[in-house]
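**Q** Below you'll find the structure I mean.
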Amino acid sequence: MKDQHGIWYLESLDVSGILCPKKLEMSKHGLKHTQYKRGEYIYMSQENADVIYFINSGRVKIGSYDSDSNKEVTKAILREGEVFGELVLAGQSKRQDFAMAMEPTELCEIHRDMMDSLLKDHSGLSMFFMKLLGSRALRMEQRLESLVFKDSRSRIIEFLIDLVDRRGERVGYEYVVRKFITHQEIANLTATSRQTVTTILNELRAENLLTFDRRRLLVRDLQKLKAEVHSL
């Protein structure tokens, strides 16, 4: 299943070709590739915001720290082909969160001035970023509602369903999500605990609704998994 919430699959625009051209053409476009190691910060909160990033390979975590408890709050986990740091286009001058490489990651970095030039040269790119901003705002609103009105089990199951919708590949009657994230990462994204995530995943596996390991999630019956949410 392709991403239904819009990243680089919006319309028929070749975003990868615009934001991350072949390396031999990088100097021509005024862009650069940067390599990050696992656990390395790409930027931190309150740093100047003047660059937009395109993920050429790897994974990036977007998050923040609670000022009182210093607890980490994960906002998103992004992968190859996705864009982040786009709020500079909405006038953001300082980062409000952090971005960290979760594994060896290569990014294409586009300065704000260069992005302004690209937006002028590619009419569809403006619509892409409008939809991207709107899509992410909607997802954050839905996530907030889930945190306020739903219990831990519902939030975790909804997260799994959303993950399948965005990342899943259909294999017969089943759906597989490759590079499945850790239980702690799911806990951070759903405001639960790692122990709760582990318990619920094991319960769903016992019900034969899914199976998982460190490399993948396999949903055996997506419709029954969705019915679990409605029954809670």
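Scheme for the structure tokens: letters A, B, ... for chains in order shown; per-chain residue numbers from 1; ligand numbers from 1 in order shown.
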Set the distance at 12 Å and use only C-alpha atoms: which residues neighbour A:Lys37 once local chain neighbours fewer than 3 positions away are removed? I'd like the list as a PyMOL selection string.
**A** chain A and resi 34+40-42+57-60+100-107
**Q** With C-alpha atoms retained, could you export that selection as a tab-separated table (two decimals), in the first residue's frame?
**A**
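Written file, selection_16.tsv:
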```tsv
chain	number	residue	atom	x	y	z
A	34	THR	CA	25.22	14.82	4.02
A	40	GLU	CA	23.59	11.68	15.40
A	41	TYR	CA	21.46	14.80	15.66
A	42	ILE	CA	20.66	16.59	12.41
A	57	SER	CA	18.32	6.70	2.55
A	58	GLY	CA	17.92	5.71	6.20
A	59	ARG	CA	15.44	6.78	8.89
A	60	VAL	CA	14.99	9.99	10.88
A	100	MET	CA	18.00	12.47	14.76
A	101	ALA	CA	19.27	9.73	12.46
A	102	MET	CA	18.02	6.34	13.65
A	103	GLU	CA	20.47	4.46	11.43
A	104	PRO	CA	23.15	5.46	8.90
A	105	THR	CA	21.29	8.10	6.91
A	106	GLU	CA	21.96	10.21	3.83
A	107	LEU	CA	20.10	13.49	3.42
```
**Q** Per DSSP on the backbone, filter stretch 8-179 of chain A down to the residues in strand (DSSP E) and report them as a short mmCIF file (atom, residue, chain, number, x, y, z; two decimals) with all heavy atoms, in the first residue's frame.
**A**
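Final output, saved to part_29.cif:
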```
data_model
loop_
_atom_site.label_atom_id
_atom_site.label_comp_id
_atom_site.auth_asym_id
_atom_site.auth_seq_id
_atom_site.Cartn_x
_atom_site.Cartn_y
_atom_site.Cartn_z
N LYS A 32 23.36 19.75 -1.49
CA LYS A 32 24.43 18.88 -1.01
C LYS A 32 23.88 17.67 -0.29
O LYS A 32 22.80 17.71 0.29
CB LYS A 32 25.37 19.66 -0.09
CG LYS A 32 24.75 20.07 1.25
CD LYS A 32 25.81 20.71 2.15
CE LYS A 32 25.22 21.08 3.51
NZ LYS A 32 26.25 21.65 4.42
N HIS A 33 24.65 16.59 -0.37
CA HIS A 33 24.34 15.38 0.37
C HIS A 33 25.14 15.38 1.66
O HIS A 33 26.31 15.77 1.68
CB HIS A 33 24.71 14.14 -0.44
CG HIS A 33 23.72 13.77 -1.49
ND1 HIS A 33 22.52 13.18 -1.20
CD2 HIS A 33 23.75 13.92 -2.84
CE1 HIS A 33 21.85 12.96 -2.33
NE2 HIS A 33 22.58 13.40 -3.33
N THR A 34 24.52 14.93 2.75
CA THR A 34 25.22 14.82 4.02
C THR A 34 24.93 13.46 4.64
O THR A 34 23.78 13.00 4.62
CB THR A 34 24.79 15.93 5.00
OG1 THR A 34 24.95 17.21 4.37
CG2 THR A 34 25.62 15.90 6.27
N GLN A 35 25.97 12.83 5.17
CA GLN A 35 25.84 11.54 5.82
C GLN A 35 25.76 11.74 7.33
O GLN A 35 26.49 12.54 7.91
CB GLN A 35 27.04 10.65 5.51
CG GLN A 35 27.33 10.48 4.02
CD GLN A 35 26.45 9.41 3.39
OE1 GLN A 35 25.78 8.65 4.10
NE2 GLN A 35 26.44 9.35 2.07
N TYR A 36 24.85 10.99 7.97
CA TYR A 36 24.72 11.03 9.42
C TYR A 36 24.82 9.62 9.99
O TYR A 36 24.29 8.67 9.41
CB TYR A 36 23.37 11.65 9.83
CG TYR A 36 23.27 13.12 9.51
CD1 TYR A 36 22.79 13.55 8.27
CD2 TYR A 36 23.65 14.08 10.45
CE1 TYR A 36 22.69 14.90 7.98
CE2 TYR A 36 23.56 15.44 10.15
CZ TYR A 36 23.09 15.84 8.92
OH TYR A 36 23.00 17.17 8.63
N TYR A 41 22.50 13.80 15.84
CA TYR A 41 21.46 14.80 15.66
C TYR A 41 21.69 15.59 14.37
O TYR A 41 22.82 16.00 14.07
CB TYR A 41 21.43 15.76 16.85
CG TYR A 41 20.79 15.18 18.09
CD1 TYR A 41 21.57 14.61 19.09
CD2 TYR A 41 19.40 15.18 18.25
CE1 TYR A 41 20.99 14.05 20.22
CE2 TYR A 41 18.81 14.62 19.37
CZ TYR A 41 19.61 14.07 20.36
OH TYR A 41 19.02 13.51 21.46
N ILE A 42 20.62 15.78 13.64
CA ILE A 42 20.66 16.59 12.41
C ILE A 42 20.45 18.05 12.78
O ILE A 42 21.13 18.94 12.27
CB ILE A 42 19.58 16.09 11.43
CG1 ILE A 42 19.85 14.63 11.07
CG2 ILE A 42 19.51 16.98 10.19
CD1 ILE A 42 18.65 13.87 10.61
N TYR A 43 19.53 18.29 13.68
CA TYR A 43 19.38 19.60 14.29
C TYR A 43 18.69 19.43 15.65
O TYR A 43 18.09 18.40 15.93
CB TYR A 43 18.60 20.58 13.40
CG TYR A 43 17.20 20.16 13.00
CD1 TYR A 43 16.13 20.20 13.90
CD2 TYR A 43 16.92 19.79 11.68
CE1 TYR A 43 14.85 19.85 13.53
CE2 TYR A 43 15.63 19.43 11.30
CZ TYR A 43 14.61 19.46 12.22
OH TYR A 43 13.34 19.11 11.85
N VAL A 51 17.00 25.24 6.49
CA VAL A 51 17.26 24.13 5.57
C VAL A 51 16.09 23.17 5.59
O VAL A 51 15.50 22.90 6.64
CB VAL A 51 18.56 23.38 5.95
CG1 VAL A 51 18.74 22.13 5.10
CG2 VAL A 51 19.76 24.30 5.81
N ILE A 52 15.74 22.64 4.42
CA ILE A 52 14.74 21.59 4.28
C ILE A 52 15.49 20.32 3.88
O ILE A 52 16.46 20.38 3.13
CB ILE A 52 13.69 21.97 3.22
CG1 ILE A 52 12.92 23.20 3.69
CG2 ILE A 52 12.73 20.82 2.96
CD1 ILE A 52 12.03 23.79 2.63
N TYR A 53 15.04 19.18 4.37
CA TYR A 53 15.77 17.93 4.18
C TYR A 53 14.93 16.91 3.42
O TYR A 53 13.74 16.75 3.66
CB TYR A 53 16.16 17.33 5.53
CG TYR A 53 17.03 18.22 6.37
CD1 TYR A 53 16.46 19.16 7.23
CD2 TYR A 53 18.42 18.14 6.32
CE1 TYR A 53 17.25 19.99 8.02
CE2 TYR A 53 19.21 18.97 7.11
CZ TYR A 53 18.62 19.88 7.95
OH TYR A 53 19.40 20.71 8.72
N PHE A 54 15.60 16.21 2.51
CA PHE A 54 15.01 15.09 1.78
C PHE A 54 15.80 13.84 2.16
O PHE A 54 17.03 13.84 2.08
CB PHE A 54 15.07 15.33 0.28
CG PHE A 54 14.54 14.21 -0.56
CD1 PHE A 54 13.20 14.17 -0.93
CD2 PHE A 54 15.36 13.18 -0.98
CE1 PHE A 54 12.70 13.13 -1.69
CE2 PHE A 54 14.88 12.13 -1.74
CZ PHE A 54 13.54 12.11 -2.11
N ILE A 55 15.10 12.79 2.59
CA ILE A 55 15.78 11.57 3.03
C ILE A 55 16.09 10.70 1.81
O ILE A 55 15.18 10.15 1.18
CB ILE A 55 14.93 10.79 4.04
CG1 ILE A 55 14.56 11.67 5.24
CG2 ILE A 55 15.70 9.54 4.52
CD1 ILE A 55 13.64 11.00 6.24
N ASN A 56 17.36 10.61 1.49
CA ASN A 56 17.79 9.78 0.37
C ASN A 56 17.88 8.31 0.77
O ASN A 56 17.56 7.42 -0.01
CB ASN A 56 19.15 10.27 -0.14
CG ASN A 56 19.52 9.66 -1.48
OD1 ASN A 56 18.69 9.56 -2.38
ND2 ASN A 56 20.76 9.23 -1.62
N SER A 57 18.31 8.06 2.01
CA SER A 57 18.32 6.70 2.55
C SER A 57 18.37 6.80 4.08
O SER A 57 18.81 7.80 4.63
CB SER A 57 19.55 5.93 2.04
OG SER A 57 20.75 6.52 2.48
N ARG A 59 16.63 6.39 8.14
CA ARG A 59 15.44 6.78 8.89
C ARG A 59 15.78 7.93 9.82
O ARG A 59 16.89 8.00 10.36
CB ARG A 59 14.89 5.61 9.72
CG ARG A 59 14.31 4.47 8.91
CD ARG A 59 13.63 3.47 9.82
NE ARG A 59 14.56 2.91 10.80
CZ ARG A 59 14.19 2.33 11.93
NH1 ARG A 59 12.91 2.26 12.26
NH2 ARG A 59 15.09 1.83 12.76
N VAL A 60 14.80 8.81 10.04
CA VAL A 60 14.99 9.99 10.88
C VAL A 60 13.84 10.08 11.88
O VAL A 60 12.67 9.91 11.53
CB VAL A 60 15.03 11.29 10.04
CG1 VAL A 60 15.05 12.52 10.93
CG2 VAL A 60 16.25 11.27 9.12
N LYS A 61 14.19 10.33 13.14
CA LYS A 61 13.18 10.54 14.19
C LYS A 61 13.03 12.03 14.44
O LYS A 61 14.02 12.75 14.62
CB LYS A 61 13.59 9.83 15.47
CG LYS A 61 12.67 10.12 16.65
CD LYS A 61 12.86 9.13 17.78
CE LYS A 61 14.25 9.16 18.35
NZ LYS A 61 14.40 8.23 19.50
N ILE A 62 11.78 12.51 14.46
CA ILE A 62 11.47 13.89 14.81
C ILE A 62 10.82 13.86 16.19
O ILE A 62 9.87 13.11 16.43
CB ILE A 62 10.48 14.53 13.80
CG1 ILE A 62 10.99 14.36 12.36
CG2 ILE A 62 10.26 15.99 14.15
CD1 ILE A 62 12.28 15.06 12.08
N GLY A 63 11.33 14.67 17.11
CA GLY A 63 10.78 14.64 18.46
C GLY A 63 11.13 15.88 19.26
O GLY A 63 11.70 16.84 18.74
N SER A 64 10.77 15.85 20.52
CA SER A 64 11.06 16.96 21.42
C SER A 64 11.24 16.40 22.83
O SER A 64 10.99 15.21 23.06
CB SER A 64 9.93 18.01 21.40
OG SER A 64 8.71 17.43 21.81
N TYR A 65 11.67 17.25 23.76
CA TYR A 65 11.85 16.84 25.14
C TYR A 65 10.93 17.65 26.04
O TYR A 65 10.84 18.87 25.89
CB TYR A 65 13.30 17.02 25.58
CG TYR A 65 14.27 16.08 24.89
CD1 TYR A 65 15.07 16.52 23.84
CD2 TYR A 65 14.36 14.75 25.28
CE1 TYR A 65 15.94 15.66 23.20
CE2 TYR A 65 15.24 13.88 24.65
CZ TYR A 65 16.03 14.34 23.61
OH TYR A 65 16.88 13.48 22.97
N GLU A 72 11.50 12.17 26.44
CA GLU A 72 11.45 12.33 24.98
C GLU A 72 10.04 12.07 24.46
O GLU A 72 9.37 11.12 24.86
CB GLU A 72 12.42 11.36 24.32
CG GLU A 72 12.44 11.47 22.80
CD GLU A 72 13.36 10.46 22.16
OE1 GLU A 72 14.57 10.49 22.50
OE2 GLU A 72 12.89 9.64 21.36
N VAL A 73 9.58 12.94 23.57
CA VAL A 73 8.29 12.78 22.90
C VAL A 73 8.57 12.61 21.41
O VAL A 73 9.12 13.51 20.77
CB VAL A 73 7.38 14.00 23.12
CG1 VAL A 73 6.07 13.83 22.36
CG2 VAL A 73 7.12 14.22 24.60
N THR A 74 8.24 11.45 20.88
CA THR A 74 8.46 11.19 19.46
C THR A 74 7.27 11.67 18.66
O THR A 74 6.14 11.27 18.92
CB THR A 74 8.69 9.69 19.21
OG1 THR A 74 9.80 9.24 19.98
CG2 THR A 74 8.97 9.43 17.73
N LYS A 75 7.52 12.52 17.68
CA LYS A 75 6.44 13.05 16.86
C LYS A 75 6.27 12.28 15.56
O LYS A 75 5.16 12.15 15.05
CB LYS A 75 6.72 14.53 16.55
CG LYS A 75 6.74 15.42 17.78
CD LYS A 75 6.99 16.87 17.41
CE LYS A 75 6.98 17.76 18.65
NZ LYS A 75 7.24 19.18 18.31
N ALA A 76 7.37 11.81 14.99
CA ALA A 76 7.29 11.08 13.73
C ALA A 76 8.58 10.31 13.50
O ALA A 76 9.64 10.68 13.99
CB ALA A 76 7.04 12.03 12.56
N ILE A 77 8.46 9.21 12.75
CA ILE A 77 9.61 8.47 12.26
C ILE A 77 9.50 8.46 10.74
O ILE A 77 8.52 7.94 10.19
CB ILE A 77 9.66 7.05 12.83
CG1 ILE A 77 9.91 7.11 14.35
CG2 ILE A 77 10.74 6.22 12.15
CD1 ILE A 77 9.88 5.76 15.04
N LEU A 78 10.46 9.06 10.08
CA LEU A 78 10.42 9.25 8.64
C LEU A 78 11.45 8.38 7.95
O LEU A 78 12.49 8.06 8.52
CB LEU A 78 10.65 10.73 8.30
CG LEU A 78 9.74 11.73 9.02
CD1 LEU A 78 10.11 13.15 8.64
CD2 LEU A 78 8.27 11.46 8.70
N ARG A 79 11.17 8.05 6.69
CA ARG A 79 12.03 7.13 5.95
C ARG A 79 12.39 7.68 4.59
O ARG A 79 12.07 8.82 4.25
CB ARG A 79 11.31 5.78 5.79
CG ARG A 79 10.87 5.20 7.11
CD ARG A 79 10.26 3.84 6.93
NE ARG A 79 9.79 3.32 8.22
CZ ARG A 79 9.89 2.07 8.60
NH1 ARG A 79 10.43 1.18 7.81
NH2 ARG A 79 9.44 1.68 9.78
N VAL A 83 10.23 14.10 3.34
CA VAL A 83 10.76 15.45 3.52
C VAL A 83 10.48 15.90 4.95
O VAL A 83 9.44 15.58 5.52
CB VAL A 83 10.08 16.42 2.53
CG1 VAL A 83 10.60 17.84 2.72
CG2 VAL A 83 10.30 15.96 1.10
N PHE A 84 11.42 16.63 5.54
CA PHE A 84 11.16 17.24 6.85
C PHE A 84 11.88 18.57 6.95
O PHE A 84 12.71 18.92 6.10
CB PHE A 84 11.55 16.29 7.99
CG PHE A 84 13.03 15.99 8.10
CD1 PHE A 84 13.84 16.68 8.98
CD2 PHE A 84 13.61 15.00 7.31
CE1 PHE A 84 15.20 16.40 9.10
CE2 PHE A 84 14.96 14.70 7.42
CZ PHE A 84 15.76 15.41 8.32
N PHE A 98 13.60 18.30 17.53
CA PHE A 98 14.90 17.81 17.09
C PHE A 98 14.71 16.77 15.99
O PHE A 98 13.63 16.18 15.85
CB PHE A 98 15.70 17.20 18.26
CG PHE A 98 15.14 15.91 18.81
CD1 PHE A 98 15.35 14.71 18.15
CD2 PHE A 98 14.42 15.89 19.99
CE1 PHE A 98 14.85 13.51 18.65
CE2 PHE A 98 13.92 14.70 20.51
CZ PHE A 98 14.13 13.51 19.82
N ALA A 99 15.75 16.55 15.23
CA ALA A 99 15.76 15.50 14.21
C ALA A 99 17.02 14.67 14.43
O ALA A 99 18.12 15.23 14.56
CB ALA A 99 15.75 16.10 12.81
N MET A 100 16.88 13.34 14.48
CA MET A 100 18.00 12.47 14.76
C MET A 100 17.99 11.27 13.82
O MET A 100 16.92 10.70 13.55
CB MET A 100 17.95 11.98 16.21
CG MET A 100 19.14 11.15 16.62
SD MET A 100 18.95 10.47 18.30
CE MET A 100 17.71 9.20 18.00
N ALA A 101 19.16 10.90 13.32
CA ALA A 101 19.27 9.73 12.46
C ALA A 101 19.13 8.46 13.30
O ALA A 101 19.82 8.31 14.32
CB ALA A 101 20.62 9.74 11.74
N THR A 105 22.27 7.37 7.71
CA THR A 105 21.29 8.10 6.91
C THR A 105 21.97 9.11 6.00
O THR A 105 22.92 9.77 6.40
CB THR A 105 20.30 8.83 7.85
OG1 THR A 105 19.57 7.86 8.62
CG2 THR A 105 19.32 9.69 7.06
N GLU A 106 21.47 9.21 4.77
CA GLU A 106 21.96 10.21 3.83
C GLU A 106 20.83 11.17 3.50
O GLU A 106 19.73 10.75 3.12
CB GLU A 106 22.46 9.56 2.54
CG GLU A 106 23.00 10.59 1.54
CD GLU A 106 23.47 9.94 0.25
OE1 GLU A 106 22.61 9.70 -0.63
OE2 GLU A 106 24.67 9.68 0.12
N LEU A 107 21.10 12.46 3.67
CA LEU A 107 20.10 13.49 3.42
C LEU A 107 20.55 14.41 2.29
O LEU A 107 21.74 14.68 2.14
CB LEU A 107 19.87 14.33 4.68
CG LEU A 107 19.43 13.60 5.94
CD1 LEU A 107 19.31 14.59 7.09
CD2 LEU A 107 18.12 12.87 5.72
N CYS A 108 19.58 14.86 1.54
CA CYS A 108 19.82 15.95 0.60
C CYS A 108 19.32 17.22 1.29
O CYS A 108 18.16 17.28 1.70
CB CYS A 108 19.07 15.70 -0.70
SG CYS A 108 19.39 16.95 -1.97
N GLU A 109 20.18 18.21 1.45
CA GLU A 109 19.86 19.43 2.19
C GLU A 109 19.65 20.58 1.21
O GLU A 109 20.50 20.86 0.37
CB GLU A 109 20.96 19.75 3.18
CG GLU A 109 21.22 18.60 4.16
CD GLU A 109 22.27 18.92 5.21
OE1 GLU A 109 22.83 20.03 5.17
OE2 GLU A 109 22.52 18.05 6.07
N ILE A 110 18.49 21.23 1.35
CA ILE A 110 18.12 22.32 0.45
C ILE A 110 17.94 23.59 1.27
O ILE A 110 17.07 23.65 2.14
CB ILE A 110 16.80 22.01 -0.31
CG1 ILE A 110 16.87 20.63 -0.97
CG2 ILE A 110 16.51 23.09 -1.33
CD1 ILE A 110 16.05 19.58 -0.28
N HIS A 111 18.75 24.59 1.01
CA HIS A 111 18.63 25.85 1.74
C HIS A 111 17.34 26.56 1.35
O HIS A 111 16.82 26.40 0.25
CB HIS A 111 19.85 26.75 1.45
CG HIS A 111 19.96 27.91 2.38
ND1 HIS A 111 19.31 29.11 2.14
CD2 HIS A 111 20.64 28.06 3.55
CE1 HIS A 111 19.59 29.95 3.13
NE2 HIS A 111 20.39 29.34 3.99
N GLU A 169 2.76 -3.53 2.48
CA GLU A 169 2.74 -4.15 1.15
C GLU A 169 1.83 -5.37 1.24
O GLU A 169 1.97 -6.20 2.13
CB GLU A 169 4.16 -4.59 0.75
CG GLU A 169 5.17 -3.47 0.70
CD GLU A 169 6.57 -4.00 0.48
OE1 GLU A 169 6.71 -5.11 -0.07
OE2 GLU A 169 7.53 -3.30 0.85
N ARG A 170 0.90 -5.46 0.30
CA ARG A 170 -0.03 -6.59 0.33
C ARG A 170 0.64 -7.85 -0.20
O ARG A 170 1.28 -7.84 -1.26
CB ARG A 170 -1.27 -6.28 -0.50
CG ARG A 170 -2.35 -7.35 -0.37
CD ARG A 170 -3.69 -6.86 -0.80
NE ARG A 170 -4.72 -7.84 -0.50
CZ ARG A 170 -6.02 -7.60 -0.57
NH1 ARG A 170 -6.44 -6.38 -0.91
NH2 ARG A 170 -6.89 -8.54 -0.29
N VAL A 171 0.51 -8.92 0.57
CA VAL A 171 1.04 -10.23 0.19
C VAL A 171 -0.10 -11.22 0.34
O VAL A 171 -0.38 -11.71 1.45
CB VAL A 171 2.24 -10.64 1.07
CG1 VAL A 171 2.78 -11.99 0.60
CG2 VAL A 171 3.33 -9.59 1.02
N GLU A 174 -2.60 -10.88 3.31
CA GLU A 174 -1.90 -10.30 4.44
C GLU A 174 -1.16 -9.04 4.02
O GLU A 174 -1.05 -8.73 2.84
CB GLU A 174 -0.92 -11.34 5.02
CG GLU A 174 -1.61 -12.61 5.47
CD GLU A 174 -0.63 -13.68 5.90
OE1 GLU A 174 0.52 -13.67 5.40
OE2 GLU A 174 -1.00 -14.55 6.72
N TYR A 175 -0.67 -8.31 5.03
CA TYR A 175 0.09 -7.09 4.78
C TYR A 175 1.39 -7.13 5.58
O TYR A 175 1.38 -7.49 6.76
CB TYR A 175 -0.71 -5.85 5.19
CG TYR A 175 -1.95 -5.62 4.35
CD1 TYR A 175 -3.17 -6.17 4.73
CD2 TYR A 175 -1.88 -4.87 3.19
CE1 TYR A 175 -4.30 -5.97 3.96
CE2 TYR A 175 -3.01 -4.66 2.40
CZ TYR A 175 -4.21 -5.22 2.81
OH TYR A 175 -5.33 -5.01 2.04
N VAL A 176 2.48 -6.78 4.91
CA VAL A 176 3.77 -6.79 5.58
C VAL A 176 4.33 -5.37 5.63
O VAL A 176 4.23 -4.62 4.66
CB VAL A 176 4.77 -7.74 4.87
CG1 VAL A 176 5.03 -7.30 3.43
CG2 VAL A 176 6.07 -7.82 5.65
N VAL A 177 4.88 -5.01 6.78
CA VAL A 177 5.58 -3.74 6.96
C VAL A 177 7.02 -4.09 7.28
O VAL A 177 7.30 -4.71 8.31
CB VAL A 177 4.97 -2.91 8.11
CG1 VAL A 177 5.79 -1.63 8.31
CG2 VAL A 177 3.52 -2.57 7.81
N ARG A 178 7.92 -3.70 6.41
CA ARG A 178 9.33 -4.03 6.61
C ARG A 178 9.99 -2.96 7.47
O ARG A 178 9.53 -1.84 7.58
CB ARG A 178 10.03 -4.17 5.26
CG ARG A 178 9.31 -5.17 4.34
CD ARG A 178 10.05 -5.47 3.07
NE ARG A 178 9.19 -6.20 2.15
CZ ARG A 178 8.93 -7.51 2.22
NH1 ARG A 178 9.48 -8.22 3.20
NH2 ARG A 178 8.12 -8.10 1.35
#
```
**Q** Name the residues in contact with stretch 156-164 of chain A at a cut-off of 9 Å, using only C-alpha atoms, excluding same-chain residues fewer than 5 positions from it; report them as a compact mmCIF listing (two decimals) with N, CA and C atoms, in the first residue's frame.
**A**
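Written output follows (out-v1.txt):
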```txt
# COMPACT_ATOMS: atom_id res chain seq x y z
N MET A 1 0.85 -1.20 0.00
CA MET A 1 0.00 0.00 0.00
C MET A 1 0.88 1.24 0.00
N SER A 146 -6.70 11.12 19.72
CA SER A 146 -6.52 9.75 20.18
C SER A 146 -5.94 9.71 21.59
N ASP A 151 -8.02 4.74 24.96
CA ASP A 151 -7.13 4.06 25.89
C ASP A 151 -5.89 3.54 25.17
N GLU A 169 2.76 -3.53 2.48
CA GLU A 169 2.74 -4.15 1.15
C GLU A 169 1.83 -5.37 1.24
N TYR A 175 -0.67 -8.31 5.03
CA TYR A 175 0.09 -7.09 4.78
C TYR A 175 1.39 -7.13 5.58
N VAL A 176 2.48 -6.78 4.91
CA VAL A 176 3.77 -6.79 5.58
C VAL A 176 4.33 -5.37 5.63
N VAL A 177 4.88 -5.01 6.78
CA VAL A 177 5.58 -3.74 6.96
C VAL A 177 7.02 -4.09 7.28
N ILE A 186 7.31 2.56 19.40
CA ILE A 186 5.84 2.57 19.34
C ILE A 186 5.29 3.23 20.60
N ALA A 187 5.89 2.91 21.75
CA ALA A 187 5.44 3.50 23.02
C ALA A 187 5.60 5.02 22.98
N LEU A 189 5.52 6.93 20.39
CA LEU A 189 4.58 7.51 19.43
C LEU A 189 3.14 7.44 19.90
N THR A 190 2.84 6.54 20.84
CA THR A 190 1.46 6.36 21.29
C THR A 190 1.25 6.78 22.74
N THR A 192 2.45 5.54 25.48
CA THR A 192 2.24 4.39 26.35
C THR A 192 3.61 3.95 26.88
N VAL A 197 3.08 -1.90 25.21
CA VAL A 197 3.17 -2.24 23.79
C VAL A 197 3.47 -3.73 23.62
N ILE A 200 0.34 -5.90 24.48
CA ILE A 200 -0.73 -5.83 23.48
C ILE A 200 -0.32 -6.52 22.19
N LEU A 201 0.92 -6.35 21.76
CA LEU A 201 1.38 -7.04 20.55
C LEU A 201 1.34 -8.55 20.75
N LEU A 217 6.63 -6.48 10.42
CA LEU A 217 5.30 -6.73 11.01
C LEU A 217 4.45 -7.37 9.92
N VAL A 219 0.58 -8.42 9.26
CA VAL A 219 -0.82 -8.38 9.70
C VAL A 219 -1.58 -9.44 8.93
N LEU A 222 -6.36 -7.73 8.44
CA LEU A 222 -6.48 -6.29 8.68
C LEU A 222 -7.89 -5.90 9.10
N LEU A 225 -8.43 -6.68 12.66
CA LEU A 225 -7.66 -5.74 13.48
C LEU A 225 -8.42 -4.41 13.60
N LYS A 226 -9.01 -3.95 12.49
CA LYS A 226 -9.80 -2.73 12.53
C LYS A 226 -11.04 -2.90 13.40
N GLU A 228 -11.23 -4.65 16.01
CA GLU A 228 -10.79 -4.59 17.40
C GLU A 228 -10.94 -3.17 17.94
N VAL A 229 -10.60 -2.19 17.11
CA VAL A 229 -10.69 -0.79 17.53
C VAL A 229 -12.14 -0.39 17.78
```
**Q** Name all residues at most 12 Å from A:Gly91 (count only C-alpha atoms; drop same-chain ones fewer than 2 positions away) and give them as a PyMOL selection string.
**A** chain A and resi 48-51+85-89+93-95+112
